[in-house]
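Text of the file upload34.txt, holding compact mmCIF, C-alpha atoms:
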# COMPACT_ATOMS: atom_id res chain seq x y z
CA MET A 1286 0.00 0.00 0.00
CA ALA A 1287 2.82 2.42 0.89
CA LEU A 1288 4.64 1.58 -2.30
CA ASN A 1289 1.55 2.46 -4.34
CA HIS A 1290 1.33 5.92 -2.69
CA LEU A 1291 5.04 6.50 -3.27
CA SER A 1292 4.72 5.76 -6.98
CA LEU A 1293 1.91 8.31 -7.25
CA LEU A 1294 3.99 11.02 -5.55
CA ARG A 1295 7.13 10.44 -7.65
CA PRO A 1296 6.02 12.57 -10.68
CA LEU A 1297 5.12 15.44 -8.39
CA LEU A 1298 8.49 15.34 -6.65
CA CYS A 1299 10.41 15.25 -9.97
CA GLN A 1300 8.71 18.31 -11.56
CA PRO A 1301 10.37 20.98 -9.36
CA LEU A 1302 13.74 19.30 -9.84
CA LEU A 1303 13.34 19.32 -13.66
CA ARG A 1304 12.44 23.02 -13.60
CA HIS A 1305 15.75 23.80 -11.85
CA VAL A 1306 17.87 21.59 -14.10
CA ARG A 1307 16.26 22.51 -17.43
CA SER A 1308 18.17 25.07 -19.54
CA PRO A 1309 16.45 28.48 -19.69
CA LEU A 1310 16.83 28.43 -23.50
CA THR A 1311 15.14 25.06 -23.93
CA SER A 1312 12.41 26.03 -21.53
CA ARG A 1313 11.45 29.00 -23.72
CA VAL A 1314 12.13 27.65 -27.25
CA SER A 1315 11.36 24.19 -28.56
CA LEU A 1316 13.07 23.20 -31.83
CA ARG A 1317 11.71 19.71 -32.21
CA PRO A 1318 8.65 19.14 -34.44
CA LEU A 1319 5.29 18.05 -33.18
CA LEU A 1320 5.23 14.33 -32.53
CA ALA A 1321 2.41 11.89 -32.49
CA PRO A 1322 1.47 10.79 -28.95
CA ASP A 1323 2.89 7.31 -29.48
CA ALA A 1324 6.06 8.41 -31.37
CA VAL A 1325 9.45 7.75 -29.87
CA HIS A 1326 11.47 10.95 -29.53
CA HIS A 1327 15.18 10.93 -30.28
CA PRO A 1328 16.93 14.21 -29.52
CA ALA A 1329 18.37 15.79 -32.69
CA PRO A 1330 22.13 16.16 -32.67
CA ALA A 1331 23.54 19.66 -32.61
CA VAL A 1332 24.81 20.79 -36.00
CA CYS A 1333 27.61 23.30 -36.41
CA ILE A 1334 27.92 24.82 -39.87
CA ARG A 1335 31.02 26.67 -41.04
CA LEU A 1336 31.37 28.27 -44.44
CA TYR A 1337 34.69 27.87 -46.22
CA ALA A 1338 35.95 29.80 -49.26
CA THR A 1339 36.46 27.52 -52.25
CA LYS A 1340 39.88 27.14 -53.87
CA LYS A 1341 38.55 28.85 -56.99
CA ALA A 1342 37.36 31.86 -54.99
CA LYS A 1343 40.68 32.07 -53.15
CA ALA A 1344 42.64 31.92 -56.41
CA LYS A 1345 40.45 34.60 -57.97
CA ALA A 1346 40.88 36.88 -54.99
CA LYS A 1347 44.63 36.30 -54.98
CA GLY A 1348 44.89 37.02 -58.69
CA GLN A 1349 42.93 40.25 -58.41
CA SER A 1350 44.97 41.50 -55.48
CA GLY A 1351 48.27 40.59 -57.18
CA LYS A 1352 47.70 42.41 -60.49
CA VAL A 1353 49.78 45.46 -61.32
CA ASN A 1354 48.92 48.23 -63.76
CA ILE A 1355 51.71 50.78 -63.95
CA ASN A 1356 51.46 53.94 -66.02
CA SER A 1357 54.35 53.44 -68.46
CA SER A 1358 55.04 57.19 -68.64
CA LEU A 1359 55.89 57.24 -64.93
CA VAL A 1360 58.75 54.74 -65.29
CA GLU A 1361 60.20 55.80 -68.64
CA ASP A 1362 63.52 56.62 -66.94
CA ILE A 1363 63.72 52.96 -65.83
CA ILE A 1364 62.42 51.12 -68.91
CA SER A 1365 59.98 51.53 -71.78
CA LEU A 1366 57.17 49.13 -70.94
CA ASP A 1367 55.56 49.87 -74.31
CA GLU A 1368 58.65 48.60 -76.14
CA VAL A 1369 58.76 45.49 -73.94
CA LYS A 1370 55.11 44.79 -74.73
CA GLU A 1371 55.78 45.31 -78.43
CA ASP A 1372 58.70 42.85 -78.36
CA MET A 1373 56.56 40.26 -76.57
CA THR A 1374 53.69 40.76 -79.01
CA THR A 1375 56.13 40.28 -81.91
CA VAL A 1376 56.95 36.83 -80.52
CA LEU A 1377 53.25 35.91 -80.59
CA ASP A 1378 52.77 37.32 -84.11
CA SER A 1379 55.76 35.33 -85.37
CA LEU A 1380 54.24 32.14 -83.96
CA LYS A 1381 50.94 32.84 -85.72
CA ASP A 1382 52.84 33.39 -88.97
CA ASP A 1383 54.76 30.12 -88.53
CA PHE A 1384 51.51 28.26 -87.90
CA THR A 1385 50.02 29.70 -91.10
CA ARG A 1386 53.06 29.13 -93.33
CA ASN A 1387 54.22 25.73 -92.11
CA LEU A 1388 51.22 23.95 -90.62
CA SER A 1389 48.50 23.79 -93.22
CA ILE A 1390 46.51 20.64 -93.99
CA ARG A 1391 45.82 21.93 -97.52
CA THR A 1392 42.05 21.64 -97.53
CA SER A 1393 41.13 25.15 -98.74
CA PRO A 1394 42.33 27.82 -101.18
CA GLY A 1395 43.56 29.81 -98.17
CA ALA A 1396 46.18 27.13 -97.63
CA LEU A 1397 48.26 28.77 -100.40
CA ASP A 1398 47.93 32.34 -99.09
CA HIS A 1399 51.38 32.27 -97.52
CA ILE A 1400 53.16 31.23 -100.75
CA VAL A 1401 55.54 34.03 -101.87
CA VAL A 1402 56.60 34.26 -105.52
CA THR A 1403 59.99 35.75 -106.39
CA THR A 1404 59.87 37.76 -109.62
CA GLN A 1405 62.15 40.24 -111.39
CA ASP A 1406 60.16 43.07 -109.81
CA GLY A 1407 60.37 41.67 -106.28
CA LYS A 1408 58.52 39.23 -104.05
CA PHE A 1409 54.74 39.01 -104.07
CA PRO A 1410 52.13 36.78 -102.40
CA LEU A 1411 50.74 34.21 -104.81
CA LYS A 1412 47.19 35.35 -104.10
CA GLN A 1413 48.07 38.80 -105.54
CA LEU A 1414 49.35 37.34 -108.78
CA GLY A 1415 46.83 34.60 -109.47
CA GLN A 1416 43.24 33.68 -108.73
CA ILE A 1417 43.16 30.67 -106.39
CA SER A 1418 40.13 28.38 -106.26
CA MET A 1419 39.18 24.84 -105.27
CA LYS A 1420 38.27 22.71 -108.27
CA SER A 1421 37.60 19.76 -105.97
CA PRO A 1422 38.70 18.62 -102.49
CA GLN A 1423 41.72 17.02 -104.21
CA LEU A 1424 42.62 19.85 -106.63
CA ILE A 1425 43.47 23.55 -106.25
CA MET A 1426 43.54 25.72 -109.37
CA VAL A 1427 45.66 28.90 -109.74
CA ASN A 1428 44.67 31.09 -112.68
CA MET A 1429 47.71 33.19 -113.73
CA SER A 1430 46.05 34.93 -116.70
CA SER A 1431 46.49 38.36 -115.10
CA PHE A 1432 50.28 37.88 -114.84
CA PRO A 1433 51.14 35.08 -117.28
CA GLU A 1434 54.82 36.06 -117.34
CA VAL A 1435 55.30 34.87 -113.75
CA THR A 1436 53.57 31.51 -114.17
CA ALA A 1437 56.88 29.64 -114.08
CA ALA A 1438 58.00 31.52 -110.97
CA ALA A 1439 54.70 30.76 -109.24
CA THR A 1440 55.01 27.08 -110.12
CA ARG A 1441 58.54 27.01 -108.72
CA ALA A 1442 57.37 28.68 -105.49
CA LEU A 1443 54.66 26.07 -105.03
CA ARG A 1444 57.04 23.20 -105.66
CA GLU A 1445 59.71 24.55 -103.29
CA SER A 1446 57.28 25.25 -100.45
CA SER A 1447 57.21 23.05 -97.36
CA MET A 1448 53.80 21.67 -98.33
CA ASN A 1449 55.08 18.78 -100.46
CA LEU A 1450 53.18 19.95 -103.56
CA ASN A 1451 53.65 18.82 -107.16
CA PRO A 1452 52.00 21.49 -109.36
CA GLU A 1453 51.28 20.99 -113.06
CA VAL A 1454 51.12 23.80 -115.64
CA ASP A 1455 48.45 23.98 -118.35
CA GLY A 1456 48.94 27.28 -120.19
CA THR A 1457 48.27 30.00 -117.60
CA ILE A 1458 46.55 27.58 -115.25
CA ILE A 1459 48.51 25.90 -112.48
CA LYS A 1460 46.91 22.70 -111.23
CA VAL A 1461 47.90 21.79 -107.68
CA PRO A 1462 46.90 18.25 -106.63
CA VAL A 1463 46.17 18.08 -102.93
CA PRO A 1464 47.85 15.06 -101.31
CA LYS A 1465 45.62 12.98 -99.08
CA VAL A 1466 46.10 14.01 -95.47
CA THR A 1467 46.67 10.95 -93.32
CA ARG A 1468 46.21 10.71 -89.57
CA GLU A 1469 49.95 10.24 -89.17
CA HIS A 1470 50.60 13.43 -91.11
CA ARG A 1471 48.16 15.36 -88.91
CA GLU A 1472 49.82 14.06 -85.75
CA ASN A 1473 53.27 15.03 -87.05
CA LEU A 1474 52.03 18.54 -87.79
CA ALA A 1475 50.62 18.75 -84.24
CA LYS A 1476 54.05 17.83 -82.87
CA VAL A 1477 55.65 20.56 -84.98
CA ALA A 1478 53.08 23.03 -83.61
CA LYS A 1479 54.13 22.10 -80.08
CA GLN A 1480 57.80 22.60 -80.95
CA LEU A 1481 57.12 26.00 -82.49
CA SER A 1482 55.15 27.12 -79.43
CA ASN A 1483 57.98 26.02 -77.13
CA LYS A 1484 60.45 28.04 -79.21
CA ALA A 1485 58.13 31.03 -78.95
CA LYS A 1486 58.06 30.69 -75.17
CA ASP A 1487 61.87 30.54 -75.14
CA SER A 1488 61.96 33.79 -77.11
CA LEU A 1489 59.41 35.30 -74.73
CA ARG A 1490 61.55 34.36 -71.73
CA ARG A 1491 64.56 36.05 -73.33
CA VAL A 1492 62.58 39.25 -73.81
CA ARG A 1493 61.42 39.15 -70.19
CA SER A 1494 64.91 38.37 -68.88
CA ASN A 1495 66.50 41.23 -70.85
CA ALA A 1496 63.85 43.63 -69.60
CA VAL A 1497 64.33 42.60 -65.96
CA THR A 1498 68.11 42.97 -66.33
CA GLN A 1499 67.61 46.50 -67.63
CA VAL A 1500 65.36 47.33 -64.67
CA LYS A 1501 67.89 46.01 -62.15
CA LYS A 1502 70.55 48.27 -63.65
CA ALA A 1503 68.34 51.27 -62.88
CA LYS A 1504 68.11 50.60 -59.13
CA GLU A 1505 70.07 53.70 -58.19
CA GLY A 1506 67.77 56.65 -57.64
CA HIS A 1507 64.63 54.53 -57.32
CA SER A 1508 63.02 52.83 -54.36
CA GLU A 1509 63.06 49.06 -54.02
CA ASP A 1510 59.26 49.05 -54.08
CA THR A 1511 59.22 50.82 -57.46
CA ILE A 1512 61.75 48.43 -58.96
CA ARG A 1513 59.81 45.46 -57.60
CA LEU A 1514 56.54 46.73 -59.09
CA VAL A 1515 58.12 47.28 -62.51
CA GLU A 1516 59.55 43.75 -62.46
CA LYS A 1517 56.14 42.40 -61.47
CA GLN A 1518 54.52 44.31 -64.34
CA ILE A 1519 57.00 42.78 -66.81
CA GLN A 1520 56.30 39.29 -65.47
CA GLN A 1521 52.58 39.89 -65.72
CA MET A 1522 52.95 40.97 -69.37
CA ALA A 1523 54.98 37.84 -70.12
CA ASP A 1524 52.38 35.64 -68.44
CA ASN A 1525 49.62 37.15 -70.59
CA ILE A 1526 51.54 36.49 -73.82
CA ALA A 1527 52.39 32.95 -72.66
CA ALA A 1528 48.67 32.34 -72.11
CA ASP A 1529 47.97 33.58 -75.65
CA ILE A 1530 50.64 31.21 -77.00
CA ASP A 1531 48.89 28.31 -75.26
CA LYS A 1532 45.56 29.39 -76.79
CA GLN A 1533 47.09 29.52 -80.28
CA LEU A 1534 48.60 26.06 -79.80
CA ALA A 1535 45.31 24.60 -78.57
CA ALA A 1536 43.40 26.06 -81.53
CA LYS A 1537 45.98 24.90 -84.09
CA THR A 1538 46.17 21.40 -82.56
CA LYS A 1539 42.39 21.09 -82.73
CA GLU A 1540 42.46 22.24 -86.36
CA LEU A 1541 45.19 19.79 -87.33
CA LEU A 1542 43.82 16.73 -85.56
CA GLY A 1543 40.25 17.44 -86.59
Since I need it in another form, could you write the structure as structure tokens?
Amino acid sequence: MALNHLSLLRPLLCQPLLRHVRSPLTSRVSLRPLLAPDAVHHPAPAVCIRLYATKKAKAKAKGQSGKVNINSSLVEDIISLDEVKEDMTTVLDSLKDDFTRNLSIRTSPGALDHIVVTTQDGKFPLKQLGQISMKSPQLIMVNMSSFPEVTAAATRALRESSMNLNPEVDGTIIKVPVPKVTREHRENLAKVAKQLSNKAKDSLRRVRSNAVTQVKKAKEGHSEDTIRLVEKQIQQMADNIAADIDKQLAAKTKELLG
């Protein structure tokens, strides 16, 4: 009988104790959803969320903060940044010219645009002397009727080019059979493109190195911070041209391999 009364009093005795122990925050705010009367409640684990910057965001922020843009007129007594940029751009232009002259797969009339004909009056592009057209995918025609006297010179220029052509003359018409382009030939051309781009980067590094050497010689009379910024500007210019070289190589490789 006494045990029965004690079991009835136990809930009443525990309520004041729970009020003292319970956290003030949990007593005011309840985060758990409504449960059905017969549902079993499992306390939800605490979740701590921390936001991290991605590697891409960090790299972008670092790149933006590290860029230099010096007014070239303010450092003319140290070095001409305009001339350095021009020398670096010349390297890129030379690579583009090499790609056009030496790495053609001969599938369009434009493939002969780089051919230069030597005449008694000087050197002229073939496209200025004759009308170039595609007779078929396997045959390019060059009509020399406007300058018939240089037909032989044009034929010689085609034969001596690096395109492995064997032109045939029919009056003032030069017929240029287009050799079949094999996969092996395309891959070899892609390798040559890689070699030419590497040579261009070597030339670019020489331009950068010469420019930095010139800047170092001008240390006297200028602060170390100024010299460092000029060197950083030169490196940044070289990096931009190197990126353009990579783009040219990627585009040419895609063109060659199809």
(request) Tell me which protein, DNA and RNA residues are within 9 Å of Leu1450 (chain A), counting all atoms listed in the file, leaving out same-chain ones fewer than 5 positions away, and put them as a VMD selection string. (result) chain A and resid 1443 to 1445 1461 to 1464
Can I get the selected residues back with C-alpha atoms, as a PDB file, keeping the file's coordinate frame?
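What ended up in again_16.pdb:
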ATOM      1  CA  LEU A1443      54.660  26.070-105.030  1.00  0.00           C
ATOM      2  CA  ARG A1444      57.040  23.200-105.660  1.00  0.00           C
ATOM      3  CA  GLU A1445      59.710  24.550-103.290  1.00  0.00           C
ATOM      4  CA  VAL A1461      47.900  21.790-107.680  1.00  0.00           C
ATOM      5  CA  PRO A1462      46.900  18.250-106.630  1.00  0.00           C
ATOM      6  CA  VAL A1463      46.170  18.080-102.930  1.00  0.00           C
ATOM      7  CA  PRO A1464      47.850  15.060-101.310  1.00  0.00           C
TER       8      PRO A1464
END
(request) State, in Å with one decimal place, the distance from CA of Met1419 (chain A) to CA of Ile1458 (chain A). (result) 12.7 Å
(message) Please return as a PyMOL selection string every residue within 9 Å of (49.3, 36.1, -113.4), taking into account all atoms listed in the file and the file's own coordinates.
(response) chain A and resi 1411+1413-1416+1427-1436+1439+1457
Edge lengths and centre, in Å to one decimal, as lines of an AutoDock Vina configuration file: that's what I need for the box along x, y and z that holds all listed atoms of region 1507-1511 of chain A plus 6 Å on each side.
center_x = 61.9
center_y = 51.8
center_z = -55.7
size_x = 17.4
size_y = 17.5
size_z = 15.4
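Counting all atoms listed in the file, the residue from A:Met1426, A:Ile1459, A:Ser1357, A:Asp1510 that sits nearest to Thr1440 (chain A) is A:Ile1459.
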(message) What does the structure give for the distance between CA of Glu1540 (chain A) and CA of Ala1528 (chain A), in Å to one decimal?
(response) 18.5 Å
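The gap separating CA of Asp1529 (chain A) from CA of Asp1362 (chain A) is 29.1 Å, in Å to one decimal.
Closest approach to Lys1479 (chain A) from the set A:Ser1389, A:Gln1499, A:Gln1533, A:Thr1375 is made by A:Gln1533, with distances taken over all atoms listed in the file.
Remark: for His1470 (chain A), the closest of the candidate residues A:Met1448, A:Leu1514, A:Leu1366, A:Val1497 is A:Met1448 (distances computed over only C-alpha atoms).
Minimum atom-to-atom distances from A:Lys1370, A:Thr1498, A:Ala1442, A:Lys1420 to Lys1408 (chain A) were compared using all atoms listed in the file, and the lowest value belongs to A:Ala1442.
Each of A:Ile1355, A:Ile1417, A:Val1454, A:Val1515 was checked against Arg1441 (chain A) using all atoms listed in the file; the smallest atom-to-atom distance is that of A:Val1454.
The residue that comes closest to Lys1501 (chain A), out of A:Glu1516, A:Asn1356, A:Lys1537, A:Gly1456 and on the basis of all atoms listed in the file, is A:Glu1516.
Near Ala1523 (chain A), within a cut-off of 9 Å and counting all atoms listed in the file, sit the residues Lys1370, Met1373, Leu1489, Arg1490, Val1492, Arg1493, Gln1518, Ile1519, Gln1520, Ile1526, Ala1527 and Ala1528 of chain A, with same-chain residues fewer than 3 positions away left out.
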